[in-house]
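The file input-v3.txt contains compact mmCIF, C-alpha atoms and all ligand atoms:
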```
# COMPACT_ATOMS: atom_id res chain seq x y z
CA MET A 1 17.40 6.53 -21.46
CA ILE A 2 14.96 6.28 -18.59
CA ASP A 3 12.21 8.91 -18.63
CA VAL A 4 12.07 9.78 -14.90
CA GLU A 5 8.90 11.84 -15.34
CA ARG A 6 7.09 8.99 -17.07
CA LEU A 7 7.95 6.44 -14.36
CA ALA A 8 6.87 8.85 -11.62
CA ARG A 9 3.57 9.48 -13.41
CA ASP A 10 2.92 5.73 -13.88
CA LEU A 11 3.37 5.15 -10.15
CA ASP A 12 1.31 8.19 -9.22
CA ALA A 13 -1.54 7.14 -11.49
CA ALA A 14 -1.49 3.64 -9.94
CA LEU A 15 -1.60 5.18 -6.46
CA LEU A 16 -4.56 7.39 -7.32
CA ALA A 17 -6.46 4.63 -9.12
CA ARG A 18 -5.57 2.01 -6.46
CA GLU A 19 -4.30 -0.20 -9.24
CA GLU A 20 -1.40 -2.62 -9.49
CA ILE A 21 1.23 -2.17 -12.19
CA ALA A 22 4.12 -4.35 -13.35
CA PRO A 23 7.52 -3.64 -11.78
CA LEU A 24 9.05 -0.67 -13.62
CA ARG A 25 12.20 -2.56 -14.55
CA LYS A 26 10.01 -5.11 -16.32
CA THR A 27 8.29 -2.40 -18.37
CA TYR A 28 11.16 0.02 -18.93
CA GLY A 29 14.34 -2.04 -18.45
CA ASP A 30 17.12 -1.62 -15.94
CA PHE A 31 17.73 1.59 -14.08
CA ASP A 32 20.00 2.32 -11.15
CA LEU A 33 19.36 3.40 -7.58
CA GLU A 34 20.22 7.05 -8.27
CA THR A 35 17.61 7.16 -11.03
CA ALA A 36 15.17 5.47 -8.65
CA TYR A 37 15.63 8.24 -6.07
CA ARG A 38 14.99 10.81 -8.81
CA VAL A 39 11.73 9.01 -9.72
CA GLN A 40 10.80 9.01 -6.02
CA GLU A 41 11.54 12.74 -5.73
CA ARG A 42 9.45 13.50 -8.81
CA GLY A 43 6.58 11.38 -7.41
CA ILE A 44 6.71 13.34 -4.16
CA ALA A 45 6.64 16.60 -6.15
CA LEU A 46 3.39 15.40 -7.75
CA ARG A 47 1.93 14.81 -4.28
CA LEU A 48 3.08 18.22 -3.09
CA SER A 49 1.41 19.82 -6.10
CA ARG A 50 -1.85 18.34 -4.80
CA GLY A 51 -1.35 20.13 -1.49
CA GLU A 52 0.42 17.46 0.57
CA LYS A 53 3.24 18.53 2.91
CA ILE A 54 6.41 16.61 3.75
CA VAL A 55 6.43 15.68 7.45
CA GLY A 56 9.42 13.35 7.56
CA TYR A 57 11.15 10.27 6.22
CA LYS A 58 11.06 6.52 6.64
CA MET A 59 13.98 4.16 6.60
CA GLY A 60 13.34 0.71 5.14
CA LEU A 61 15.07 -2.66 5.07
CA THR A 62 17.00 -1.79 8.23
CA SER A 63 16.36 -5.20 9.86
CA ALA A 64 17.54 -8.64 8.80
CA ALA A 65 13.93 -9.91 9.08
CA LYS A 66 12.65 -7.36 6.55
CA ARG A 67 15.57 -7.85 4.19
CA ALA A 68 14.88 -11.60 4.18
CA GLN A 69 11.10 -11.07 3.74
CA MET A 70 11.62 -8.80 0.72
CA ASN A 71 14.76 -10.59 -0.51
CA LEU A 72 16.63 -7.27 -0.78
CA ASP A 73 19.74 -6.29 1.06
CA ALA A 74 20.38 -2.58 1.62
CA PRO A 75 18.73 0.18 3.64
CA ILE A 76 16.62 2.64 1.66
CA TYR A 77 14.63 5.76 2.47
CA GLY A 78 11.28 7.22 1.48
CA VAL A 79 9.34 10.41 2.18
CA LEU A 80 6.38 10.79 4.55
CA THR A 81 3.66 13.36 3.86
CA ASP A 82 0.85 14.60 6.08
CA ALA A 83 -1.69 12.71 3.94
CA MET A 84 -0.05 9.41 4.92
CA ARG A 85 -0.57 9.99 8.62
CA ALA A 86 -3.43 7.86 9.92
CA GLY A 87 -5.53 8.27 13.04
CA ARG A 88 -7.36 5.59 15.01
CA GLU A 89 -8.89 3.95 11.94
CA LEU A 90 -7.64 2.99 8.54
CA ARG A 91 -9.72 2.11 5.49
CA VAL A 92 -8.19 -0.99 3.92
CA ALA A 93 -10.26 -0.49 0.76
CA GLU A 94 -8.34 2.73 0.05
CA GLY A 95 -5.29 0.57 -0.63
CA VAL A 96 -4.46 -2.46 -2.75
CA HIS A 97 -2.71 -5.03 -0.56
CA PRO A 98 -1.63 -3.26 2.64
CA LYS A 99 0.70 -4.79 5.23
CA ILE A 100 1.50 -3.51 8.71
CA GLU A 101 4.81 -3.52 10.58
CA PRO A 102 6.22 -2.48 13.98
CA GLU A 103 8.51 0.55 14.09
CA ILE A 104 10.00 3.21 16.31
CA ALA A 105 9.63 6.88 15.34
CA PHE A 106 11.84 9.82 16.22
CA VAL A 107 10.77 13.45 16.19
CA THR A 108 13.66 15.83 15.59
CA SER A 109 14.12 19.37 16.84
CA ARG A 110 17.40 20.21 15.06
CA GLU A 111 18.53 19.99 11.49
CA LEU A 112 20.74 16.96 10.82
CA ARG A 113 23.23 16.85 7.99
CA GLY A 114 25.79 14.29 6.86
CA LYS A 115 27.78 11.98 9.08
CA ILE A 116 26.71 12.36 12.72
CA SER A 117 27.42 10.42 15.91
CA ARG A 118 24.86 8.50 17.92
CA ALA A 119 25.08 11.18 20.63
CA GLU A 120 24.39 13.91 18.06
CA ALA A 121 21.43 11.94 16.72
CA LEU A 122 19.96 11.53 20.21
CA ALA A 123 20.55 15.20 21.05
CA ALA A 124 18.61 16.18 17.92
CA CYS A 125 15.50 14.27 19.04
CA SER A 126 12.69 16.00 20.89
CA GLY A 127 10.64 12.84 21.19
CA VAL A 128 10.26 9.17 20.45
CA ALA A 129 7.20 7.01 19.88
CA ALA A 130 6.06 3.50 19.08
CA ALA A 131 4.80 3.54 15.50
CA LEU A 132 3.03 1.30 13.01
CA GLU A 133 3.79 1.62 9.33
CA VAL A 134 1.26 0.40 6.79
CA LEU A 135 2.94 -0.42 3.50
CA ASP A 136 1.16 -0.79 0.19
CA SER A 137 3.14 -1.47 -2.95
CA ARG A 138 1.96 -0.23 -6.32
CA PHE A 139 3.38 -3.41 -7.87
CA VAL A 140 1.43 -6.56 -8.73
CA GLY A 141 1.16 -8.90 -5.77
CA PHE A 142 3.46 -6.64 -3.68
CA LYS A 143 6.39 -8.11 -5.63
CA TYR A 144 9.11 -6.02 -7.22
CA PHE A 145 12.36 -7.98 -6.92
CA SER A 146 14.66 -4.96 -7.17
CA LEU A 147 15.79 -2.09 -4.96
CA PRO A 148 15.36 0.53 -7.73
CA ASP A 149 11.71 -0.51 -8.18
CA VAL A 150 10.88 -0.19 -4.48
CA VAL A 151 12.82 3.06 -4.06
CA ALA A 152 11.03 4.59 -7.07
CA ASP A 153 7.74 3.56 -5.42
CA ASN A 154 8.69 5.65 -2.34
CA CYS A 155 9.66 2.42 -0.54
CA SER A 156 6.08 1.10 -0.48
CA SER A 157 5.03 3.93 1.85
CA TRP A 158 1.31 4.28 2.32
CA ARG A 159 0.22 5.14 5.87
CA PHE A 160 1.75 5.45 9.31
CA VAL A 161 0.52 6.08 12.82
CA LEU A 162 2.48 7.30 15.83
CA GLY A 163 1.73 6.47 19.44
CA PRO A 164 1.90 9.19 22.09
CA VAL A 165 5.31 10.88 21.82
CA SER A 166 7.59 10.47 24.89
CA PRO A 167 10.64 12.55 25.76
CA PRO A 168 13.83 11.16 24.18
CA LEU A 169 15.19 8.02 25.82
CA ASP A 170 17.54 5.21 24.89
CA THR A 171 15.60 3.22 22.30
CA GLY A 172 18.16 0.39 22.29
CA GLY A 173 17.33 -3.05 23.69
CA LEU A 174 13.59 -2.47 24.04
CA ARG A 175 11.16 -5.37 23.68
CA MET A 176 8.67 -4.76 20.84
CA ARG A 177 5.44 -6.76 20.53
CA MET A 178 2.94 -6.34 17.70
CA LEU A 179 -0.53 -7.72 18.51
CA VAL A 180 -3.49 -8.48 16.28
CA ASP A 181 -6.76 -8.53 18.20
CA GLY A 182 -4.79 -8.87 21.44
CA ARG A 183 -2.66 -11.82 20.29
CA VAL A 184 1.11 -11.36 19.81
CA VAL A 185 1.97 -11.96 16.14
CA GLN A 186 5.48 -10.46 15.96
CA GLU A 187 8.07 -9.87 18.63
CA ALA A 188 11.62 -8.49 18.47
CA ASP A 189 14.29 -6.50 20.24
CA SER A 190 14.49 -2.88 19.05
CA ASN A 191 18.16 -3.45 18.29
CA SER A 192 17.08 -5.63 15.39
CA ILE A 193 16.52 -2.24 13.71
CA SER A 194 19.96 -1.27 12.35
CA GLY A 195 21.67 -2.71 15.46
CA HIS A 196 20.13 0.26 17.35
CA PRO A 197 17.20 2.41 16.12
CA LEU A 198 19.29 5.61 16.33
CA GLU A 199 21.61 4.14 13.69
CA SER A 200 18.70 4.45 11.24
CA LEU A 201 18.50 8.17 11.94
CA MET A 202 22.26 8.50 11.43
CA GLN A 203 22.08 6.52 8.18
CA LEU A 204 19.23 8.68 6.96
CA ALA A 205 21.19 11.90 7.56
CA ALA A 206 24.13 10.42 5.63
CA MET A 207 21.97 9.14 2.75
CA LEU A 208 20.14 12.47 2.40
CA ASP A 209 23.50 14.24 2.41
CA ALA A 210 24.64 12.05 -0.48
CA HIS A 211 21.67 13.56 -2.37
CA GLY A 212 22.62 17.09 -1.31
CA ARG A 213 19.88 17.28 1.30
CA SER A 214 19.60 17.59 5.06
CA LEU A 215 16.98 16.37 7.51
CA PRO A 216 15.01 19.43 8.65
CA ALA A 217 14.19 20.11 12.29
CA GLY A 218 10.67 18.97 13.13
CA SER A 219 10.85 15.80 11.02
CA ILE A 220 9.21 12.50 11.88
CA VAL A 221 11.57 9.61 11.14
CA LEU A 222 10.48 5.98 11.03
CA ALA A 223 13.51 3.84 11.85
CA GLY A 224 12.38 0.78 9.86
CA ALA A 225 10.48 -2.34 10.83
CA ALA A 226 11.83 -4.63 13.54
CA THR A 227 10.08 -7.70 12.12
CA VAL A 228 8.34 -8.83 8.93
CA ALA A 229 5.07 -7.15 7.97
CA GLU A 230 1.66 -8.76 8.49
CA PRO A 231 -1.30 -8.47 6.08
CA LEU A 232 -3.80 -5.79 7.11
CA ARG A 233 -7.35 -7.13 6.86
CA PRO A 234 -10.56 -5.21 7.55
CA GLY A 235 -11.91 -5.78 11.04
CA ILE A 236 -8.63 -6.35 12.86
CA GLU A 237 -7.13 -4.14 15.53
CA VAL A 238 -3.36 -3.95 15.53
CA SER A 239 -1.34 -2.63 18.44
CA LEU A 240 2.33 -2.26 19.20
CA GLU A 241 3.75 -2.36 22.69
CA VAL A 242 7.32 -1.18 23.19
CA ASP A 243 8.97 -1.23 26.63
CA ALA A 244 9.31 2.29 28.07
CA LEU A 245 7.02 3.79 25.41
CA ARG A 246 3.27 4.16 25.26
CA ALA A 247 1.39 1.74 23.03
CA VAL A 248 0.01 2.60 19.60
CA ARG A 249 -3.04 0.98 18.05
CA ILE A 250 -5.06 1.18 14.90
CA ARG A 251 -8.27 -0.43 13.68
CA ALA A 252 -8.57 -1.58 10.09
CA VAL A 253 -12.05 -1.08 8.67
C1 LIG A 301 9.92 -1.93 1.51
C2 LIG A 301 9.81 -1.01 2.68
C3 LIG A 301 10.52 -1.56 3.89
C4 LIG A 301 10.84 -1.32 6.39
O1 LIG A 301 10.45 -0.82 7.45
O2 LIG A 301 11.74 -2.16 6.33
C5 LIG A 301 10.16 -0.88 5.15
C6 LIG A 301 8.88 -3.02 1.52
O3 LIG A 301 8.85 -3.83 2.45
O4 LIG A 301 8.11 -3.07 0.55
O5 LIG A 301 9.35 0.01 5.23
MG MG A 302 8.70 0.27 7.31
```

Write the structure described by the file as C-alpha cells, please.
Ligand code: OOG
Ligand code: MG
Amino acid sequence: MIDVERLARDLDAALLAREEIAPLRKTYGDFDLETAYRVQERGIALRLSRGEKIVGYKMGLTSAAKRAQMNLDAPIYGVLTDAMRAGRELRVAEGVHPKIEPEIAFVTSRELRGKISRAEALAACSGVAAALEVLDSRFVGFKYFSLPDVVADNCSSWRFVLGPVSPPLDTGGLRMRMLVDGRVVQEADSNSISGHPLESLMQLAAMLDAHGRSLPAGSIVLAGAATVAEPLRPGIEVSLEVDALRAVRIRAV
C-alpha cells in the first residue's frame, strides 16, 4: 500500500530544502496515475497550509517536442499557486536545476466543467498572454522516467511568468520564438501545443472533471510548452515573442 501522505511529505521536504530525491517509484515501488494525483493534491494542501493560494493550473506534455524530451507520452496537469508567480527577476539559487520553456496562458472568466467545445473554451477566456514556465524537478538530475513520479511532483512546476494579458484571440497558428540574451533558441508554431492551445484548456476541464473537480472562473491556465525546455542559468535574460501577443521576459539572477 502506498502511503500518499508520506510521498507528499517527502516531495514537500525536498522542495523546501532545495534538495534532490530519488524517483518515488524507486523508493516506494510502483504506483498508478490516480495515486499520483492524490499525492499531488496532498502536496498542494501542504502549500496551502503555509498560506499559498491556488491561482490556476498547468498542462504538461501537450507537445510532441516535450513528450520526446521527457520520454513520456500523455498530457498531465499540475496546480499553480500565487507563490510560483515570478516577476521580472528569478533567483536560480532558490531552485535545484531549473529549466525554462515557452507557453501560452489563458485567463478564464467562467467556470469550466467536463467536456466542452473549442468555442465554449474560447468564450470562457477573458484574456490570453505569452508565458514562460520555469520547471524544477525534485528528482535527481531532473530524471524520473515515469508519469506517476512527475504527476506526484506537481508536474515539475516551480515558477511561471505571464506577459501582458491581451483580450481573447485565436491562439492557433501563431509563431512562438524563445530568445536567450536576444538570440532565438527555440521556435515553434503554437499549434504544436495540443494541435491548438485551446485544446489544452478543453483537456484540462475534462481531466479535472474525471477527478470530480471543475476549473474555477478567474484561473490562469498554462497550455503546455511548445518546444523543449532550456536550462536556466544565472545572468541570462529569456524572452518569448508570440505573434499577436505582447512579449514576456525574465532575468535569471
Ligand atoms: C514535466 C512538465 C511538462 C510542459 O509544458 O510540457 C510541462 C517536465 O517536463 O518535467 O510543463
Ligand atoms: Mg510547462

Using all atoms listed in the file and a cutoff of 12 Å, can you tell me which residues are near (3.1, 4.9, 23.3) in the file's coordinates, and write them out as a list of chain:residue names?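 Applying the cut-off with all atoms listed in the file, one gets A:Glu103, A:Ile104, A:Ala105, A:Gly127, A:Val128, A:Ala129, A:Ala130, A:Ala131, A:Leu132, A:Val161, A:Leu162, A:Gly163, A:Pro164, A:Val165, A:Ser166, A:Pro167, A:Met176, A:Ser239, A:Leu240, A:Glu241, A:Val242, A:Asp243, A:Ala244, A:Leu245, A:Arg246, A:Ala247, A:Val248, A:Arg249.
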
Each side padded by 6 Å, which centre and which edge lengths in Å (one decimal) define the axis-aligned box around the listed atoms of ligand LIG 301 (chain A)? Give them as lines of an AutoDock Vina configuration file.
```
center_x = 9.9
center_y = -1.9
center_z = 4.0
size_x = 15.6
size_y = 15.8
size_z = 18.9
```

Between atom CA of Cys155 of chain A and atom CA of Pro75 of chain A, what distance in Å does the model show, to one decimal?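 Between atom CA of Cys155 of chain A and atom CA of Pro75 of chain A the gap works out to 10.2 Å.
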
Around ligand LIG 301 (chain A), at most 8 Å away and counting all atoms listed in the file, which residues are there? Put them as a PyMOL selection string, please. chain A and resi 58-63+66-67+69-70+75-76+101-103+133+135-137+142+150+155-157+222-226+228-229

Which residue, A:Tyr37, A:Trp158, A:Tyr57, A:Phe145, has the smallest gap to Arg18 of chain A when you use all atoms listed in the file? A:Trp158

With distances taken over all atoms listed in the file, which of A:Arg25, A:Arg159, A:Arg110, A:Arg9 is nearest to ligand MG 302 (chain A)?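 Nearest candidate to ligand MG 302 (chain A) out of A:Arg25, A:Arg159, A:Arg110, A:Arg9: A:Arg159.
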
Just to confirm, what's the straight-line distance from atom CA of Ile54 of chain A to atom CA of Leu147 of chain A in Å (one decimal)?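 Atom CA of Leu147 of chain A lies 22.7 Å from atom CA of Ile54 of chain A.
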
Between A:Leu112, A:Ala123, A:Leu80, A:Leu7, which has the minimum distance to ligand MG 302 (chain A) (counting only C-alpha atoms and all ligand atoms)?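 Once distances to ligand MG 302 (chain A) are computed over only C-alpha atoms and all ligand atoms, the minimum belongs to A:Leu80.
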